[in-house]
Amino acid sequence: MEFEIRSATSSDVDSLLSLQQRVHPWAWERRAWCEELGRRQSIVWIVDGGGGEADALGFLVAWRVLDAIEIVDLGVAPEARRHQIATALMQTLVALAATSAVARIALQVRPKNRGAIALYKKLGFHFVGRQSGYYEDGDSARLMERSVDMS
Ligand SMILES: CC(C)(COP(=O)(O)OP(=O)(O)OC[C@H]1O[C@@H](n2cnc3c(N)ncnc32)[C@H](O)[C@@H]1OP(=O)(O)O)[C@@H](O)C(=O)NCCC(=O)NCCS
């Protein structure tokens with residue numbers, strides 16, 4: 001599957017809104033997406049299909065926090081999964097981190113999200129802790145990290 005990763009702009013808000021609604025049982029409001037796109041420390045990437053698909057195939061939102069990048073959300077359209085789109089988004093983030101004096105990348109994931117955990121482990125992330133009651137429904141989060149320089 002052909003695809004291209006690029007920085008999202010304010011004209012992508014509708015696509016990001018509808019994609020996030022398809023990816024999760026919850027979604028941000030339009031205002032939250034606009035804030036992310038306007039925040040200096042935010043990284044917001046969107047994935048366009050190479051085959052002329054009208055809809056975006058994926059997205060990644062992350063924040064630069066001191067010497068770390070924290071992944072805020074990552075999603076791939078259900079019909080586009082297992083085509084290495086999330087892998088490409090994450091590898092692009094690691095490459096950016098390597099040229100931005102960033103030491104580590106961190107994220108939270110639900111313990112039952114086996115697909116995402118398998119993806120992150122494949123990319124060199126490991127468990128560093130647990131945060132109880134992290135999610136709005138009371139679910140705990142597993143905290144995962146990887147160093148940017150893994151050589
Ligand atoms: C998790 C998610 C982002 C993965 O996106 P994707 O583009 O399908 O992932 P990739 O194709 O890059 O997967 C790379 C590898 O990760 C692992 N993986 C990904 N999804 C998996 C799944 N559902 N089950 C088991 N392993 C999985 C596999 O090892 C896979 O390699 P393979 O396809 O060669 O076996 C996508 O399923 C998604 O949007 N899920 C809902 C939102 C979500 O959970 N986001 C993460 C929040 S922490």
# chains A, B, ... in the order shown; residues from 1 in each chain; ligands from 1

call {"tool": "residues_around", "arguments": {"residues": "region 118-124 of chain A", "least_positions_apart": "3", "cutoff": "7 Å", "atoms": "only C-alpha atoms", "output": "PyMOL selection string"}}
result
chain A and resi 114-115+146

call {"tool": "write_last_selection", "arguments": {"atoms": "N, CA and C atoms", "output": "PDB file, in the first residue's frame"}}
result
ATOM      1  N   ARG A 114      -3.197  -5.313  22.821  1.00  0.00           N
ATOM      2  CA  ARG A 114      -2.083  -6.205  22.462  1.00  0.00           C
ATOM      3  C   ARG A 114      -1.431  -5.840  21.145  1.00  0.00           C
ATOM      4  N   GLY A 115      -2.257  -5.372  20.190  1.00  0.00           N
ATOM      5  CA  GLY A 115      -1.706  -4.997  18.886  1.00  0.00           C
ATOM      6  C   GLY A 115      -0.718  -3.854  19.017  1.00  0.00           C
ATOM      7  N   ARG A 146      11.519   4.128  24.884  1.00  0.00           N
ATOM      8  CA  ARG A 146      12.745   3.656  24.229  1.00  0.00           C
ATOM      9  C   ARG A 146      13.718   4.829  24.134  1.00  0.00           C
TER      10      ARG A 146
END

call {"tool": "closest_atom_pairs", "arguments": {"of": "chain A", "to": "ligand 1", "cutoff": "6 Å", "atoms": "only C-alpha atoms and all ligand atoms", "output": "tab-separated table"}}
result
residue	atom	partner	partner_atom_place_in_ligand_line	distance
A:Val23	CA	ligand 1	41 (C)	5.1
A:His24	CA	ligand 1	42 (C)	5.9
A:Asp73	CA	ligand 1	47 (C)	5.8
A:Leu74	CA	ligand 1	45 (N)	4.8
A:Gly75	CA	ligand 1	39 (O)	3.4
A:Val76	CA	ligand 1	39 (O)	3.8
A:Arg81	CA	ligand 1	8 (O)	3.3
A:Arg82	CA	ligand 1	11 (O)	3.2
A:His83	CA	ligand 1	11 (O)	4.2
A:Gln84	CA	ligand 1	12 (O)	3.2
A:Ile85	CA	ligand 1	7 (O)	3.9
A:Ala86	CA	ligand 1	7 (O)	3.8
A:Thr87	CA	ligand 1	12 (O)	3.7
A:Val109	CA	ligand 1	48 (S)	4.3
A:Gly115	CA	ligand 1	22 (C)	3.3
A:Ala116	CA	ligand 1	1 (C)	3.9
A:Ala118	CA	ligand 1	17 (C)	4.7
A:Leu119	CA	ligand 1	16 (O)	3.3

call {"tool": "write_last_selection", "arguments": {"atoms": "C-alpha atoms", "output": "PDB file, in the first residue's frame"}}
result
ATOM      1  CA  VAL A  23     -10.008   4.510  15.319  1.00  0.00           C
ATOM      2  CA  HIS A  24     -11.176   4.849  18.942  1.00  0.00           C
ATOM      3  CA  ASP A  73      -2.203   9.469  20.092  1.00  0.00           C
ATOM      4  CA  LEU A  74      -1.577   7.182  17.156  1.00  0.00           C
ATOM      5  CA  GLY A  75      -4.138   5.623  14.869  1.00  0.00           C
ATOM      6  CA  VAL A  76      -4.519   3.885  11.529  1.00  0.00           C
ATOM      7  CA  ARG A  81      -4.000  -1.757   9.160  1.00  0.00           C
ATOM      8  CA  ARG A  82      -1.077  -4.204   8.941  1.00  0.00           C
ATOM      9  CA  HIS A  83       0.499  -2.275   6.075  1.00  0.00           C
ATOM     10  CA  GLN A  84       3.289  -0.841   8.244  1.00  0.00           C
ATOM     11  CA  ILE A  85       1.725   2.621   8.409  1.00  0.00           C
ATOM     12  CA  ALA A  86       2.076   2.934  12.198  1.00  0.00           C
ATOM     13  CA  THR A  87       5.610   1.554  11.909  1.00  0.00           C
ATOM     14  CA  VAL A 109      -0.919   2.109  26.361  1.00  0.00           C
ATOM     15  CA  GLY A 115      -1.706  -4.997  18.886  1.00  0.00           C
ATOM     16  CA  ALA A 116      -0.240  -1.661  19.918  1.00  0.00           C
ATOM     17  CA  ALA A 118       3.325  -5.732  19.897  1.00  0.00           C
ATOM     18  CA  LEU A 119       4.031  -2.792  17.575  1.00  0.00           C
TER      19      LEU A 119
END

call {"tool": "closest_residue", "arguments": {"among": "A:Ala56, A:Leu17, A:Ile69, A:Ile117", "to": "Ser147 (chain A)", "atoms": "only C-alpha atoms"}}
result
A:Ile69

call {"tool": "select_by_dssp", "arguments": {"residues": "region 4-140 of chain A", "states": "helix (DSSP H, G or I)", "output": "number ranges by chain"}}
result
A: 10-23, 30-38, 78-80, 85-98, 114-122

call {"tool": "closest_atom_pairs", "arguments": {"of": "region 18-122 of chain A", "to": "region 133-144 of chain A", "cutoff": "8 Å", "atoms": "only C-alpha atoms", "output": "Markdown table"}}
result
| residue | atom | partner | partner_atom | distance |
| --- | --- | --- | --- | --- |
| A:Ala106 | CA | A:Met144 | CA | 5.8 |
| A:Leu107 | CA | A:Met144 | CA | 5.4 |
| A:Gln108 | CA | A:Leu143 | CA | 4.7 |
| A:Val109 | CA | A:Arg142 | CA | 5.3 |
| A:Arg110 | CA | A:Ala141 | CA | 5.0 |
| A:Pro111 | CA | A:Arg142 | CA | 6.0 |

call {"tool": "residues_around", "arguments": {"residues": "Trp63 (chain A)", "least_positions_apart": "3", "cutoff": "6 Å", "atoms": "only C-alpha atoms", "output": "PDB file with N, CA and C atoms, in the first residue's frame"}}
result
ATOM      1  N   GLN A  41       4.950  22.963  20.740  1.00  0.00           N
ATOM      2  CA  GLN A  41       5.636  21.697  21.058  1.00  0.00           C
ATOM      3  C   GLN A  41       4.937  20.464  20.484  1.00  0.00           C
ATOM      4  N   SER A  42       3.819  20.662  19.786  1.00  0.00           N
ATOM      5  CA  SER A  42       3.087  19.505  19.246  1.00  0.00           C
ATOM      6  C   SER A  42       3.608  19.091  17.878  1.00  0.00           C
ATOM      7  N   ILE A  69      10.158  12.965  23.830  1.00  0.00           N
ATOM      8  CA  ILE A  69       8.942  13.118  23.027  1.00  0.00           C
ATOM      9  C   ILE A  69       7.927  12.153  23.612  1.00  0.00           C
ATOM     10  N   GLU A  70       6.740  12.669  23.889  1.00  0.00           N
ATOM     11  CA  GLU A  70       5.670  11.826  24.427  1.00  0.00           C
ATOM     12  C   GLU A  70       4.605  11.631  23.349  1.00  0.00           C
TER      13      GLU A  70
END

call {"tool": "closest_residue", "arguments": {"among": "A:Cys34, A:Ala103, A:Ala80, A:Ala8", "to": "Arg22 (chain A)", "atoms": "only C-alpha atoms"}}
result
A:Ala80

call {"tool": "residues_around", "arguments": {"residues": "Ala95 (chain A)", "least_positions_apart": "4", "cutoff": "12 Å", "atoms": "only C-alpha atoms", "output": "number ranges by chain"}}
result
A: 69, 88-91, 99-105, 147-150

call {"tool": "write_last_selection", "arguments": {"atoms": "N, CA and C atoms", "output": "PDB file, in the first residue's frame"}}
result
ATOM      1  N   ILE A  69      10.158  12.965  23.830  1.00  0.00           N
ATOM      2  CA  ILE A  69       8.942  13.118  23.027  1.00  0.00           C
ATOM      3  C   ILE A  69       7.927  12.153  23.612  1.00  0.00           C
ATOM      4  N   ALA A  88       5.842   3.138  10.070  1.00  0.00           N
ATOM      5  CA  ALA A  88       6.467   4.257   9.355  1.00  0.00           C
ATOM      6  C   ALA A  88       6.320   5.557  10.150  1.00  0.00           C
ATOM      7  N   LEU A  89       5.151   5.773  10.761  1.00  0.00           N
ATOM      8  CA  LEU A  89       4.961   6.981  11.575  1.00  0.00           C
ATOM      9  C   LEU A  89       5.955   6.990  12.746  1.00  0.00           C
ATOM     10  N   MET A  90       6.075   5.851  13.405  1.00  0.00           N
ATOM     11  CA  MET A  90       6.956   5.771  14.571  1.00  0.00           C
ATOM     12  C   MET A  90       8.424   5.895  14.155  1.00  0.00           C
ATOM     13  N   GLN A  91       8.785   5.290  13.041  1.00  0.00           N
ATOM     14  CA  GLN A  91      10.186   5.391  12.593  1.00  0.00           C
ATOM     15  C   GLN A  91      10.524   6.825  12.194  1.00  0.00           C
ATOM     16  N   THR A  99      17.524  13.855  15.486  1.00  0.00           N
ATOM     17  CA  THR A  99      18.136  15.114  15.022  1.00  0.00           C
ATOM     18  C   THR A  99      17.668  16.307  15.862  1.00  0.00           C
ATOM     19  N   SER A 100      16.996  16.041  16.994  1.00  0.00           N
ATOM     20  CA  SER A 100      16.425  17.136  17.786  1.00  0.00           C
ATOM     21  C   SER A 100      16.871  17.098  19.246  1.00  0.00           C
ATOM     22  N   ALA A 101      17.990  16.501  19.548  1.00  0.00           N
ATOM     23  CA  ALA A 101      18.487  16.425  20.925  1.00  0.00           C
ATOM     24  C   ALA A 101      17.456  15.805  21.870  1.00  0.00           C
ATOM     25  N   VAL A 102      16.713  14.848  21.381  1.00  0.00           N
ATOM     26  CA  VAL A 102      15.733  14.139  22.198  1.00  0.00           C
ATOM     27  C   VAL A 102      16.352  12.808  22.630  1.00  0.00           C
ATOM     28  N   ALA A 103      16.287  12.512  23.938  1.00  0.00           N
ATOM     29  CA  ALA A 103      16.944  11.307  24.452  1.00  0.00           C
ATOM     30  C   ALA A 103      16.030  10.090  24.428  1.00  0.00           C
ATOM     31  N   ARG A 104      14.727  10.318  24.655  1.00  0.00           N
ATOM     32  CA  ARG A 104      13.838   9.157  24.763  1.00  0.00           C
ATOM     33  C   ARG A 104      12.448   9.487  24.242  1.00  0.00           C
ATOM     34  N   ILE A 105      11.732   8.447  23.896  1.00  0.00           N
ATOM     35  CA  ILE A 105      10.340   8.568  23.456  1.00  0.00           C
ATOM     36  C   ILE A 105       9.505   7.755  24.430  1.00  0.00           C
ATOM     37  N   SER A 147      15.009   4.516  24.211  1.00  0.00           N
ATOM     38  CA  SER A 147      16.035   5.524  23.983  1.00  0.00           C
ATOM     39  C   SER A 147      16.053   5.830  22.504  1.00  0.00           C
ATOM     40  N   VAL A 148      16.413   7.048  22.190  1.00  0.00           N
ATOM     41  CA  VAL A 148      16.497   7.389  20.766  1.00  0.00           C
ATOM     42  C   VAL A 148      17.752   6.775  20.175  1.00  0.00           C
ATOM     43  N   ASP A 149      18.863   6.873  20.938  1.00  0.00           N
ATOM     44  CA  ASP A 149      20.111   6.280  20.455  1.00  0.00           C
ATOM     45  C   ASP A 149      20.184   4.851  20.968  1.00  0.00           C
ATOM     46  N   MET A 150      19.884   3.901  20.096  1.00  0.00           N
ATOM     47  CA  MET A 150      19.889   2.498  20.533  1.00  0.00           C
ATOM     48  C   MET A 150      21.128   1.769  19.997  1.00  0.00           C
TER      49      MET A 150
END

call {"tool": "select_by_dssp", "arguments": {"residues": "region 64-137 of chain A", "states": "strand (DSSP E)", "output": "ChimeraX atom specification"}}
result
/A:64-65,68-76,104-109,126-131

call {"tool": "closest_residue", "arguments": {"among": "A:Asp67, A:Glu4, A:Val13, A:Arg130", "to": "Glu35 (chain A)", "atoms": "only C-alpha atoms"}}
result
A:Val13

call {"tool": "closest_residue", "arguments": {"among": "A:Ala62, A:Met1, A:Leu37, A:Ala77", "to": "Leu19 (chain A)", "atoms": "only C-alpha atoms"}}
result
A:Ala77

call {"tool": "atom_distance", "arguments": {"atom1": "CA of Gly58 (chain A)", "atom2": "CA of Ser132 (chain A)"}}
result
28.3 Å

call {"tool": "residues_around", "arguments": {"residues": "Phe3 (chain A)", "least_positions_apart": "6", "cutoff": "9 Å", "atoms": "only C-alpha atoms", "output": "ChimeraX atom specification"}}
result
/A:47-51,57,85
